[in-house]
$ cat data-v2.txt   # compact mmCIF, C-alpha atoms
# COMPACT_ATOMS: atom_id res chain seq x y z
CA MET S 169 161.77 79.79 13.11
CA PHE S 170 163.85 80.97 10.19
CA ALA S 171 161.56 83.95 9.61
CA ALA S 172 161.78 84.93 13.28
CA SER S 173 165.55 84.62 13.38
CA LEU S 174 166.02 86.62 10.20
CA VAL S 175 163.76 89.43 11.37
CA ALA S 176 165.82 89.57 14.55
CA VAL S 177 168.97 90.37 12.55
CA GLY S 178 167.26 92.81 10.18
CA VAL S 179 166.31 90.59 7.26
CA VAL S 180 162.66 90.36 6.27
CA VAL S 181 161.20 87.29 4.62
CA GLY S 182 157.85 88.07 3.10
CA PRO S 183 154.86 86.09 1.91
CA VAL S 184 154.85 84.13 -1.33
CA ALA S 185 151.66 83.54 -3.29
CA GLY S 186 151.04 81.20 -6.19
CA PRO S 187 150.32 82.29 -9.76
CA ALA S 188 146.86 82.35 -11.25
CA ILE S 189 145.10 82.68 -14.57
CA ALA S 190 143.29 85.90 -15.46
CA ASP S 191 140.02 85.10 -17.16
CA GLY S 192 138.11 88.21 -18.11
CA PRO S 193 138.47 92.00 -18.05
CA ILE S 194 140.91 93.61 -15.64
CA ARG S 195 139.59 97.16 -15.33
CA PRO S 196 136.50 96.28 -13.23
CA ASP S 197 138.76 94.94 -10.49
CA GLN S 198 140.72 98.18 -10.16
CA TRP S 199 138.63 99.46 -7.27
CA HIS S 200 140.89 102.42 -6.58
CA LEU S 201 140.11 103.99 -9.96
CA ASP S 202 136.40 103.99 -9.27
CA ALA S 203 136.90 105.14 -5.69
CA MET S 204 139.05 108.03 -6.90
CA HIS S 205 136.48 108.89 -9.64
CA ALA S 206 139.02 108.34 -12.41
CA PRO S 207 136.51 108.33 -15.31
CA GLU S 208 135.25 111.72 -14.14
CA MET S 209 138.81 113.05 -13.76
CA TRP S 210 139.81 111.87 -17.20
CA LYS S 211 137.31 114.26 -18.73
CA VAL S 212 139.53 117.02 -17.39
CA SER S 213 143.01 115.51 -17.45
CA LYS S 214 144.80 112.27 -18.25
CA GLY S 215 148.26 113.61 -17.54
CA ASP S 216 149.10 114.42 -21.16
CA GLY S 217 152.40 116.18 -21.72
CA ILE S 218 153.90 115.10 -18.37
CA THR S 219 156.85 112.75 -18.00
CA VAL S 220 157.05 110.66 -14.83
CA ALA S 221 160.41 109.04 -14.22
CA VAL S 222 160.17 105.69 -12.45
CA ILE S 223 163.30 104.53 -10.63
CA ASP S 224 163.01 100.80 -10.07
CA GLY S 225 164.50 97.37 -10.76
CA GLY S 226 163.66 96.99 -14.45
CA PHE S 227 160.66 97.07 -16.77
CA LYS S 228 158.71 94.91 -19.20
CA LEU S 229 158.73 97.37 -22.05
CA ASP S 230 156.41 95.38 -24.32
CA HIS S 231 153.48 94.79 -22.00
CA PRO S 232 150.31 95.50 -24.04
CA ASP S 233 149.00 97.96 -21.46
CA LEU S 234 152.28 99.90 -21.52
CA ALA S 235 153.11 99.81 -25.21
CA GLY S 236 153.92 103.35 -26.33
CA GLN S 237 154.10 104.65 -22.78
CA PHE S 238 157.84 104.24 -22.22
CA LEU S 239 160.38 106.80 -23.31
CA SER S 240 163.98 105.78 -23.92
CA GLY S 241 165.31 105.09 -20.44
CA LYS S 242 168.65 104.23 -18.91
CA ASP S 243 170.19 101.44 -16.85
CA PHE S 244 172.21 102.52 -13.80
CA SER S 245 172.28 99.07 -12.20
CA GLY S 246 175.68 98.01 -13.48
CA GLY S 247 174.24 94.65 -14.50
CA ALA S 248 173.51 93.00 -17.82
CA GLY S 249 170.27 93.15 -19.76
CA GLY S 250 169.49 96.83 -19.89
CA VAL S 251 166.47 98.77 -18.69
CA GLY S 252 164.13 96.23 -20.31
CA SER S 253 165.31 93.36 -18.08
CA TYR S 254 164.04 92.78 -14.59
CA GLY S 255 164.43 90.59 -11.53
CA ASP S 256 160.78 90.97 -10.61
CA GLY S 257 157.73 92.82 -11.84
CA HIS S 258 157.85 95.75 -9.45
CA GLY S 259 158.96 98.43 -11.91
CA THR S 260 156.38 97.30 -14.46
CA GLN S 261 153.67 97.47 -11.83
CA MET S 262 154.56 101.01 -10.78
CA ALA S 263 154.56 102.12 -14.42
CA SER S 264 151.17 100.45 -14.88
CA LEU S 265 149.61 102.16 -11.85
CA ILE S 266 150.82 105.51 -13.14
CA ALA S 267 150.28 105.35 -16.89
CA GLY S 268 148.74 102.05 -17.98
CA THR S 269 146.45 102.42 -21.00
CA GLY S 270 144.28 99.32 -20.58
CA LYS S 271 144.66 98.52 -24.28
CA SER S 272 144.82 94.77 -23.82
CA ASN S 273 141.72 92.58 -23.56
CA GLY S 274 139.87 94.82 -26.00
CA GLY S 275 140.42 97.92 -23.93
CA THR S 276 139.60 96.31 -20.57
CA GLY S 277 143.18 95.81 -19.38
CA ALA S 278 144.90 97.61 -16.51
CA TYR S 279 144.67 101.40 -16.47
CA GLY S 280 146.93 103.83 -14.71
CA LEU S 281 145.59 106.86 -12.90
CA ALA S 282 147.28 109.14 -15.48
CA PRO S 283 147.09 107.17 -18.75
CA GLY S 284 148.14 110.19 -20.80
CA ALA S 285 151.48 110.58 -19.04
CA LYS S 286 154.73 109.06 -20.31
CA ILE S 287 157.13 106.93 -18.28
CA LEU S 288 160.89 107.42 -18.24
CA PRO S 289 162.16 104.01 -17.06
CA LEU S 290 165.34 104.17 -14.99
CA LYS S 291 166.79 100.90 -13.75
CA ILE S 292 168.79 100.52 -10.55
CA ASN S 293 170.06 97.47 -8.70
CA ASN S 294 167.52 97.04 -5.93
CA GLY S 295 168.91 93.70 -4.87
CA THR S 296 166.57 91.45 -6.84
CA VAL S 297 169.42 90.39 -9.13
CA GLY S 298 172.67 89.95 -7.26
CA PRO S 299 173.87 91.75 -4.15
CA VAL S 300 173.98 95.50 -3.77
CA VAL S 301 175.64 97.59 -1.09
CA SER S 302 173.92 100.60 0.41
CA THR S 303 176.44 103.00 -1.11
CA ASP S 304 175.66 101.66 -4.58
CA PHE S 305 171.91 101.82 -3.99
CA LEU S 306 171.91 105.45 -2.84
CA GLY S 307 174.44 106.38 -5.52
CA GLN S 308 172.38 104.80 -8.30
CA VAL S 309 169.24 106.55 -7.06
CA GLY S 310 171.14 109.84 -7.17
CA GLN S 311 172.41 109.21 -10.69
CA ALA S 312 168.91 108.28 -11.85
CA VAL S 313 167.41 111.41 -10.28
CA THR S 314 170.00 113.60 -12.02
CA TYR S 315 169.29 111.93 -15.36
CA ALA S 316 165.52 112.28 -14.90
CA VAL S 317 165.82 116.01 -14.23
CA ASP S 318 168.09 116.49 -17.23
CA GLN S 319 165.58 114.65 -19.43
CA GLY S 320 162.75 116.97 -18.46
CA SER S 321 160.80 114.77 -16.04
CA LYS S 322 158.35 116.72 -13.90
CA VAL S 323 157.72 113.91 -11.40
CA ILE S 324 160.11 111.21 -10.16
CA ASN S 325 158.63 108.11 -8.53
CA ILE S 326 160.89 106.09 -6.22
CA SER S 327 158.92 103.18 -4.76
CA GLN S 328 162.12 101.88 -3.17
CA GLY S 329 163.97 102.45 0.07
CA ILE S 330 166.71 101.37 2.41
CA SER S 331 166.73 101.44 6.19
CA ALA S 332 168.27 104.60 7.61
CA VAL S 333 170.36 102.60 10.09
CA SER S 334 172.05 100.81 7.20
CA THR S 335 173.56 103.86 5.51
CA SER S 336 176.52 106.13 6.07
CA PRO S 337 175.99 109.87 6.70
CA GLY S 338 178.21 110.75 3.76
CA ASP S 339 176.19 108.70 1.29
CA VAL S 340 172.94 110.09 2.64
CA GLU S 341 174.13 113.68 2.43
CA LYS S 342 175.27 113.18 -1.17
CA LEU S 343 171.81 111.96 -2.16
CA ASN S 344 170.24 114.72 -0.09
CA LYS S 345 172.14 117.34 -2.12
CA THR S 346 171.00 115.73 -5.36
CA LEU S 347 167.38 115.78 -4.24
CA ARG S 348 167.69 119.40 -3.11
CA TRP S 349 169.06 120.27 -6.55
CA ALA S 350 166.20 118.40 -8.24
CA ARG S 351 163.65 120.39 -6.25
CA SER S 352 165.42 123.62 -7.17
CA LYS S 353 164.94 122.61 -10.79
CA GLY S 354 161.19 122.35 -10.24
CA VAL S 355 160.91 118.56 -10.05
CA LEU S 356 158.67 116.73 -7.58
CA VAL S 357 160.22 113.57 -6.08
CA VAL S 358 157.77 111.06 -4.60
CA SER S 359 158.80 108.03 -2.54
CA SER S 360 157.04 105.32 -0.53
CA VAL S 361 157.74 105.37 3.20
CA GLY S 362 158.01 101.62 3.79
CA ASN S 363 156.17 98.71 5.34
CA SER S 364 157.75 98.08 8.72
CA ALA S 365 155.30 99.88 11.02
CA GLU S 366 154.85 96.64 12.96
CA SER S 367 158.50 95.63 12.95
CA GLY S 368 160.53 98.60 14.12
CA ASN S 369 159.14 101.40 11.94
CA LEU S 370 162.70 102.35 11.01
CA ALA S 371 162.86 105.39 8.75
CA GLU S 372 164.01 104.75 5.18
CA TYR S 373 165.79 106.72 2.52
CA PRO S 374 164.99 108.46 0.26
CA SER S 375 161.49 108.99 1.73
CA ALA S 376 162.86 110.34 5.03
CA LEU S 377 164.89 113.07 3.31
CA PRO S 378 163.77 116.68 2.84
CA ASP S 379 162.51 117.62 -0.63
CA VAL S 380 160.86 114.19 -0.95
CA VAL S 381 157.11 113.58 -0.77
CA GLY S 382 156.84 110.54 1.51
CA VAL S 383 153.70 108.49 0.88
CA GLY S 384 151.84 106.09 3.15
CA ALA S 385 149.12 103.58 2.25
CA VAL S 386 145.46 103.39 3.24
CA GLY S 387 142.84 100.72 2.77
CA ARG S 388 139.30 100.99 1.52
CA ASP S 389 138.39 102.32 4.96
CA VAL S 390 140.66 105.33 4.35
CA VAL S 391 142.71 104.33 7.39
CA ALA S 392 146.47 103.76 7.29
CA THR S 393 147.25 100.11 6.68
CA SER S 394 148.77 98.14 9.51
CA GLU S 395 152.27 98.02 8.01
CA SER S 396 152.42 101.48 6.44
CA GLN S 397 155.24 103.26 8.21
CA GLN S 398 154.57 106.28 10.37
CA GLY S 399 156.48 109.45 11.12
CA PRO S 400 157.09 113.06 10.12
CA GLN S 401 158.27 111.86 6.70
CA VAL S 402 154.68 110.97 5.71
CA VAL S 403 153.34 113.85 3.61
CA LEU S 404 150.39 112.22 1.85
CA ALA S 405 148.66 108.85 1.59
CA ALA S 406 146.87 106.92 -1.15
CA PRO S 407 145.21 103.54 -1.68
CA GLY S 408 147.53 100.60 -1.15
CA VAL S 409 145.52 97.38 -0.84
CA ASP S 410 144.12 94.95 -3.41
CA MET S 411 145.81 96.80 -6.24
CA ILE S 412 145.47 95.23 -9.69
CA GLU S 413 148.04 96.18 -12.31
CA ALA S 414 150.07 94.99 -15.27
CA CYS S 415 153.09 92.89 -14.32
CA THR S 416 155.58 90.34 -15.61
CA GLY S 417 153.84 87.23 -14.27
CA ASN S 418 152.40 84.45 -16.39
CA THR S 419 148.94 86.05 -16.54
CA GLY S 420 150.29 89.53 -17.26
CA TYR S 421 148.44 90.93 -14.24
CA CYS S 422 149.17 90.99 -10.53
CA LYS S 423 147.55 91.84 -7.25
CA SER S 424 149.73 93.76 -4.80
CA HIS S 425 149.60 95.99 -1.76
CA GLY S 426 151.78 98.56 -0.09
CA THR S 427 153.18 102.04 0.01
CA SER S 428 154.92 101.40 -3.31
CA ASP S 429 151.51 101.38 -4.94
CA ALA S 430 150.39 104.41 -2.96
CA ALA S 431 153.43 106.41 -4.03
CA ALA S 432 152.72 105.59 -7.67
CA LEU S 433 149.19 106.99 -7.29
CA VAL S 434 150.49 110.22 -5.76
CA SER S 435 152.98 110.55 -8.64
CA ALA S 436 150.12 110.03 -11.09
CA SER S 437 147.98 112.58 -9.22
CA ALA S 438 150.73 115.17 -9.59
CA ALA S 439 150.90 114.41 -13.32
CA LEU S 440 147.14 114.92 -13.68
CA VAL S 441 147.26 118.34 -12.01
CA TRP S 442 150.45 119.48 -13.74
CA SER S 443 149.04 118.57 -17.15
CA VAL S 444 146.30 121.17 -16.69
CA HIS S 445 148.43 123.78 -14.89
CA LYS S 446 151.72 123.59 -16.75
CA ASP S 447 152.86 126.96 -15.43
CA TRP S 448 152.66 125.83 -11.82
CA THR S 449 155.79 124.95 -9.89
CA ALA S 450 156.40 121.77 -7.92
CA ASN S 451 155.58 123.70 -4.75
CA GLN S 452 152.21 124.76 -6.12
CA VAL S 453 151.27 121.31 -7.40
CA LEU S 454 152.16 119.79 -4.04
CA ARG S 455 150.32 122.53 -2.13
CA VAL S 456 147.13 121.88 -4.09
CA LEU S 457 147.42 118.11 -3.54
CA ILE S 458 147.81 118.77 0.18
CA ASN S 459 145.02 121.34 0.41
CA THR S 460 142.53 119.11 -1.42
CA ALA S 461 143.45 115.87 0.36
CA SER S 462 140.93 114.08 2.56
CA LYS S 463 142.09 115.18 5.99
CA PRO S 464 143.13 112.79 8.78
CA THR S 465 140.14 111.21 10.50
CA ASP S 466 141.40 112.32 13.91
CA GLY S 467 140.61 115.92 13.00
CA SER S 468 144.22 117.10 12.94
CA ALA S 469 145.83 119.12 10.16
CA ARG S 470 148.31 116.27 9.73
CA ASN S 471 149.42 113.21 11.61
CA ASN S 472 152.17 110.64 11.34
CA ASP S 473 149.87 107.99 9.81
CA VAL S 474 148.59 109.69 6.64
CA GLY S 475 150.44 112.99 6.72
CA TYR S 476 148.26 115.84 5.47
CA GLY S 477 145.68 113.36 4.23
CA VAL S 478 144.63 111.03 1.44
CA VAL S 479 145.26 112.44 -2.01
CA ARG S 480 142.16 113.40 -4.04
CA PRO S 481 143.19 114.42 -7.55
CA ARG S 482 139.57 114.80 -8.67
CA VAL S 483 139.09 117.61 -6.18
CA ALA S 484 142.50 119.05 -7.05
CA LEU S 485 141.36 119.28 -10.67
CA THR S 486 137.84 120.57 -10.16
CA ASP S 487 138.39 122.84 -7.17
CA PRO S 488 142.12 123.44 -6.73
CA GLY S 489 141.88 126.70 -4.82
CA ASP S 490 144.84 129.04 -4.47
CA PRO S 491 148.10 127.28 -5.41
CA GLY S 492 150.01 129.76 -3.27
CA PRO S 493 153.52 131.11 -3.77
CA ALA S 494 155.61 129.46 -6.47
CA ASP S 495 158.87 129.48 -4.55
CA VAL S 496 157.73 128.40 -1.07
CA SER S 497 157.41 124.75 -0.12
CA PRO S 498 154.10 123.81 1.54
CA VAL S 499 155.99 121.32 3.70
CA PRO S 500 158.39 122.56 6.39
CA VAL S 501 161.97 121.67 5.52
CA VAL S 502 163.48 119.64 8.35
CA ASP S 503 166.64 117.65 8.82
CA PRO S 504 166.62 114.06 7.54
CA VAL S 505 164.34 111.94 9.70
CA PRO S 506 166.46 109.79 12.02
CA SER S 507 165.84 106.11 12.57
CA ALA S 508 163.29 105.40 15.28
CA SER S 509 165.82 103.06 16.83
CA PRO S 510 169.33 104.16 15.82
CA SER S 511 171.07 101.67 18.06
CA ALA S 512 169.25 98.65 16.71
CA GLY S 513 171.07 96.91 13.92
CA SER S 514 173.60 99.71 13.50
CA PRO S 515 176.00 98.78 10.73
CA SER S 516 179.75 98.74 10.90
CA SER S 517 181.71 101.46 9.14
CA ALA S 518 182.00 99.21 6.09
CA PRO S 519 179.12 99.25 3.59
CA ALA S 520 176.53 96.62 4.42
CA THR S 521 175.42 94.15 1.79
CA ALA S 522 171.80 94.73 0.89
CA VAL S 523 169.33 91.91 0.51
CA PRO S 524 165.96 92.46 -1.14
CA SER S 525 162.89 92.10 0.99
CA PRO S 526 160.18 90.13 -0.80
CA GLY S 527 157.67 91.38 1.74
CA GLY S 528 154.62 92.62 -0.09
CA SER S 529 155.87 91.23 -3.37
CA PRO S 530 153.02 90.88 -5.84
CA SER S 531 151.40 87.69 -6.99
CA ASP S 532 149.67 86.86 -10.22
CA VAL S 533 146.00 87.29 -9.49
CA ALA S 534 142.83 85.69 -10.67
CA VAL S 535 140.70 88.59 -11.81
CA GLY S 536 137.56 89.05 -13.85
CA GLY S 537 134.90 87.52 -11.65
CA PRO S 538 133.93 84.01 -10.58
CA THR S 539 135.35 82.33 -13.68
CA ALA S 540 138.90 83.19 -12.64
CA ARG S 541 140.78 80.18 -11.36
CA ALA S 542 144.07 79.66 -9.56
CA GLU S 543 146.55 77.34 -11.21
CA ALA S 544 149.83 76.09 -9.77
CA ASP S 545 152.99 76.88 -11.69
CA ALA S 546 154.66 73.53 -12.24
CA ALA S 547 157.92 75.17 -13.19
CA SER S 548 158.31 76.92 -9.86
CA GLY S 549 157.66 73.99 -7.56
CA SER S 550 156.04 74.32 -4.16
CA GLY S 551 155.44 77.89 -3.06
CA GLY S 552 156.15 76.88 0.52
CA VAL S 553 159.57 75.34 -0.09
CA LEU S 554 161.35 78.21 -1.82
CA PRO S 555 160.97 80.77 0.98
CA VAL S 556 162.39 78.28 3.47
CA VAL S 557 165.35 77.51 1.24
CA ALA S 558 165.95 81.22 0.77
CA GLY S 559 165.71 81.68 4.50
CA VAL S 560 168.28 78.96 5.09
CA VAL S 561 170.71 80.54 2.65
CA VAL S 562 170.32 83.99 4.11
CA GLY S 563 170.45 82.64 7.63
CA LEU S 564 173.73 80.88 6.95
CA ALA S 565 175.13 84.08 5.48
CA VAL S 566 174.16 85.94 8.63
CA VAL S 567 175.80 83.28 10.79
CA ALA S 568 178.94 83.68 8.66
CA GLY S 569 179.10 87.28 9.79
CA VAL S 570 177.74 89.18 6.77
CA VAL S 571 175.72 92.24 7.79
CA PHE S 572 172.53 92.65 5.83
CA VAL S 573 170.23 95.59 5.38
CA VAL S 574 166.81 95.75 3.89
CA LEU S 575 165.59 97.22 0.66
CA ARG S 576 161.90 97.49 1.32
CA ARG S 577 159.15 96.51 -1.06
CA ARG S 578 156.50 98.67 0.48
CA ALA S 579 153.62 96.51 1.57
CA ALA S 580 150.61 96.95 3.76
CA ALA S 581 147.53 94.88 4.31
CA ARG S 582 144.04 95.20 5.84
CA SER S 583 141.25 96.80 3.90
CA GLY S 584 137.92 98.10 5.02
CA GLY S 585 134.52 98.58 3.49
CA ASN S 586 133.85 102.31 3.59
CA PRO S 587 133.91 104.27 0.31
CA TYR S 588 137.04 106.18 -0.53
CA PRO S 589 136.40 109.94 -0.25
CA GLY S 590 137.74 110.81 -3.69
$ encode --input "data-v2.txt" --output "structure tokens"
Amino acid sequence: MFAASLVAVGVVVGPVAGPAIADGPIRPDQWHLDAMHAPEMWKVSKGDGITVAVIDGGFKLDHPDLAGQFLSGKDFSGGAGGVGSYGDGHGTQMASLIAGTGKSNGGTGAYGLAPGAKILPLKINNGTVGPVVSTDFLGQVGQAVTYAVDQGSKVINISQGISAVSTSPGDVEKLNKTLRWARSKGVLVVSSVGNSAESGNLAEYPSALPDVVGVGAVGRDVVATSESQQGPQVVLAAPGVDMIEACTGNTGYCKSHGTSDAAALVSASAALVWSVHKDWTANQVLRVLINTASKPTDGSARNNDVGYGVVRPRVALTDPGDPGPADVSPVPVVDPVPSASPSAGSPSSAPATAVPSPGGSPSDVAVGGPTARAEADAASGSGGVLPVVAGVVVGLAVVAGVVFVVLRRRAAARSGGNPYPG
């Protein structure tokens, strides 16, 4: 009942899974790397020489699979602890999917798609530690983007978002100008489109803004996952189910799903291509990723489920084709995508307090074959009690008249059995 009532007022309560013990190598469980022919790609490029800025809620800088991969970052969150503190493992996971080295477990840890790239960690307040208002969220994203460009990042990954109905036009336009400036400086900004396809499909920022590569998620069947948001903001898609990556949990590894993960893979794909073609512009890198993508299964040039198709960096590296003009975007520039339901949940003129959505939040995962075993975390108590308590607290706040908006943790479920056409 609490979940239903909270969804009705715009607050999402997501699933909670218990921790587990990893017993064995991690790399064999990273199905997406094999499906995307990563070992073959790495003979051509590992993303060396490319910096990918990751804007997220904090990072575990000393994870064995990420040691040496982080550059000196910056904290824009306004909170204590610095860029190396975190409210959850999301930022660490995105960094792992992009540039993990797999050095732990004797070289069988979690690998990123572009293990030669470097990560510029930029921390924002995404609501996992204390409240955040939409103005602060968009403002911090803008500050982080500006810093990333100034530090020489070629790709900026933003696996974060806020519902378009929860923002003011002025705040959106300010971020829009920053993103336009970043693109003019030759930087590619990639963002996940969100996970509410089945609960309103409300457009989110920054993915719904021009000059941003919005990314949706597909399963093993190369079909958009059931919760991956749809719309004209979807430019590309990538795997987003059963993802295994480094994290901050007790095992050091997590299993997750969603458009967050998919966006990280597109960012890594851009790094792989750019590492080989350093003289290409952002427009040319994006054009090649689009031209070499696995096209929508409905036979169209693009659709609102997977955009121009599922990214295939192996093909982009081995048969890139003509990158086209350096100064022309391969994606038509349109006005910011409006909410699919602008009247639903429209905020007051005052900034709305943002509450994190744990939907699609990762869990520690038992990996490494049949010897892996789940083990309850005695310190955390029952996994079923905490979500209800959280729901009660949030529900009472809603009753008290506080308007909440959602910061999405992009999630999508449902996988298939067909091979990925990498």
$ closest_residue --input "data-v2.txt" --among "S:Gly225, S:Gly467, S:Pro196, S:Gly298" --to "Ser327 in chain S" --atoms "all atoms listed in the file"
S:Gly225
$ residues_around --input "data-v2.txt" --residues "range 260-273 of chain S" --least-positions-apart "5" --cutoff "7 Å" --atoms "all atoms listed in the file" --output "short mmCIF file (atom, residue, chain, number, x, y, z; two decimals) with C-alpha atoms, in the frame of the given file"
data_model
loop_
_atom_site.label_atom_id
_atom_site.label_comp_id
_atom_site.auth_asym_id
_atom_site.auth_seq_id
_atom_site.Cartn_x
_atom_site.Cartn_y
_atom_site.Cartn_z
CA PRO S 193 138.47 92.00 -18.05
CA VAL S 222 160.17 105.69 -12.45
CA PHE S 227 160.66 97.07 -16.77
CA LYS S 228 158.71 94.91 -19.20
CA PRO S 232 150.31 95.50 -24.04
CA ASP S 233 149.00 97.96 -21.46
CA LEU S 234 152.28 99.90 -21.52
CA ALA S 278 144.90 97.61 -16.51
CA TYR S 279 144.67 101.40 -16.47
CA GLY S 280 146.93 103.83 -14.71
CA LEU S 281 145.59 106.86 -12.90
CA ALA S 282 147.28 109.14 -15.48
CA PRO S 283 147.09 107.17 -18.75
CA GLY S 284 148.14 110.19 -20.80
CA ALA S 285 151.48 110.58 -19.04
CA LYS S 286 154.73 109.06 -20.31
CA ILE S 287 157.13 106.93 -18.28
CA GLU S 413 148.04 96.18 -12.31
CA ALA S 414 150.07 94.99 -15.27
CA CYS S 415 153.09 92.89 -14.32
CA ASP S 429 151.51 101.38 -4.94
CA ALA S 432 152.72 105.59 -7.67
CA LEU S 433 149.19 106.99 -7.29
CA ALA S 436 150.12 110.03 -11.09
#
$ atom_distance --input "data-v2.txt" --atom1 "CA of Asp202 in chain S" --atom2 "CA of Asn418 in chain S"
26.2 Å
$ residues_around --input "data-v2.txt" --residues "range 475-481 of chain S" --least-positions-apart "4" --cutoff "7 Å" --atoms "all atoms listed in the file" --output "PyMOL selection string"
chain S and resi 204+402-406+434+437+457-458+460-464+469-471+485+590
$ closest_residue --input "data-v2.txt" --among "S:Gln401, S:Gly338, S:Asn325, S:Ala350" --to "Ala430 in chain S" --atoms "only C-alpha atoms"
S:Asn325
$ closest_residue --input "data-v2.txt" --among "S:His258, S:Ile223, S:Asp466, S:Val212" --to "Ser424 in chain S" --atoms "only C-alpha atoms"
S:His258
$ closest_residue --input "data-v2.txt" --among "S:Leu288, S:Val297, S:Ala385, S:Leu440" --to "Gln319 in chain S" --atoms "all atoms listed in the file"
S:Leu288
$ decode --input "data-v2.txt" --residues "range 265-284 of chain S" --atoms "C-alpha atoms" --output "short mmCIF file (atom, residue, chain, number, x, y, z; two decimals), in the first residue's frame"
data_model
loop_
_atom_site.label_atom_id
_atom_site.label_comp_id
_atom_site.auth_asym_id
_atom_site.auth_seq_id
_atom_site.Cartn_x
_atom_site.Cartn_y
_atom_site.Cartn_z
CA LEU S 265 31.74 -0.50 -16.24
CA ILE S 266 33.73 2.12 -18.12
CA ALA S 267 37.32 1.56 -17.04
CA GLY S 268 37.64 -1.34 -14.59
CA THR S 269 40.95 -3.19 -14.95
CA GLY S 270 39.99 -6.56 -13.42
CA LYS S 271 43.22 -6.59 -11.41
CA SER S 272 41.70 -8.18 -8.33
CA ASN S 273 41.29 -11.93 -7.93
CA GLY S 274 44.50 -12.55 -9.85
CA GLY S 275 43.33 -10.63 -12.88
CA THR S 276 39.81 -12.09 -12.94
CA GLY S 277 38.02 -9.15 -11.34
CA ALA S 278 35.55 -6.78 -13.00
CA TYR S 279 36.62 -5.24 -16.30
CA GLY S 280 35.31 -2.11 -17.92
CA LEU S 281 34.64 -1.89 -21.62
CA ALA S 282 37.48 0.65 -21.98
CA PRO S 283 40.06 -0.43 -19.37
CA GLY S 284 42.70 1.89 -20.81
#
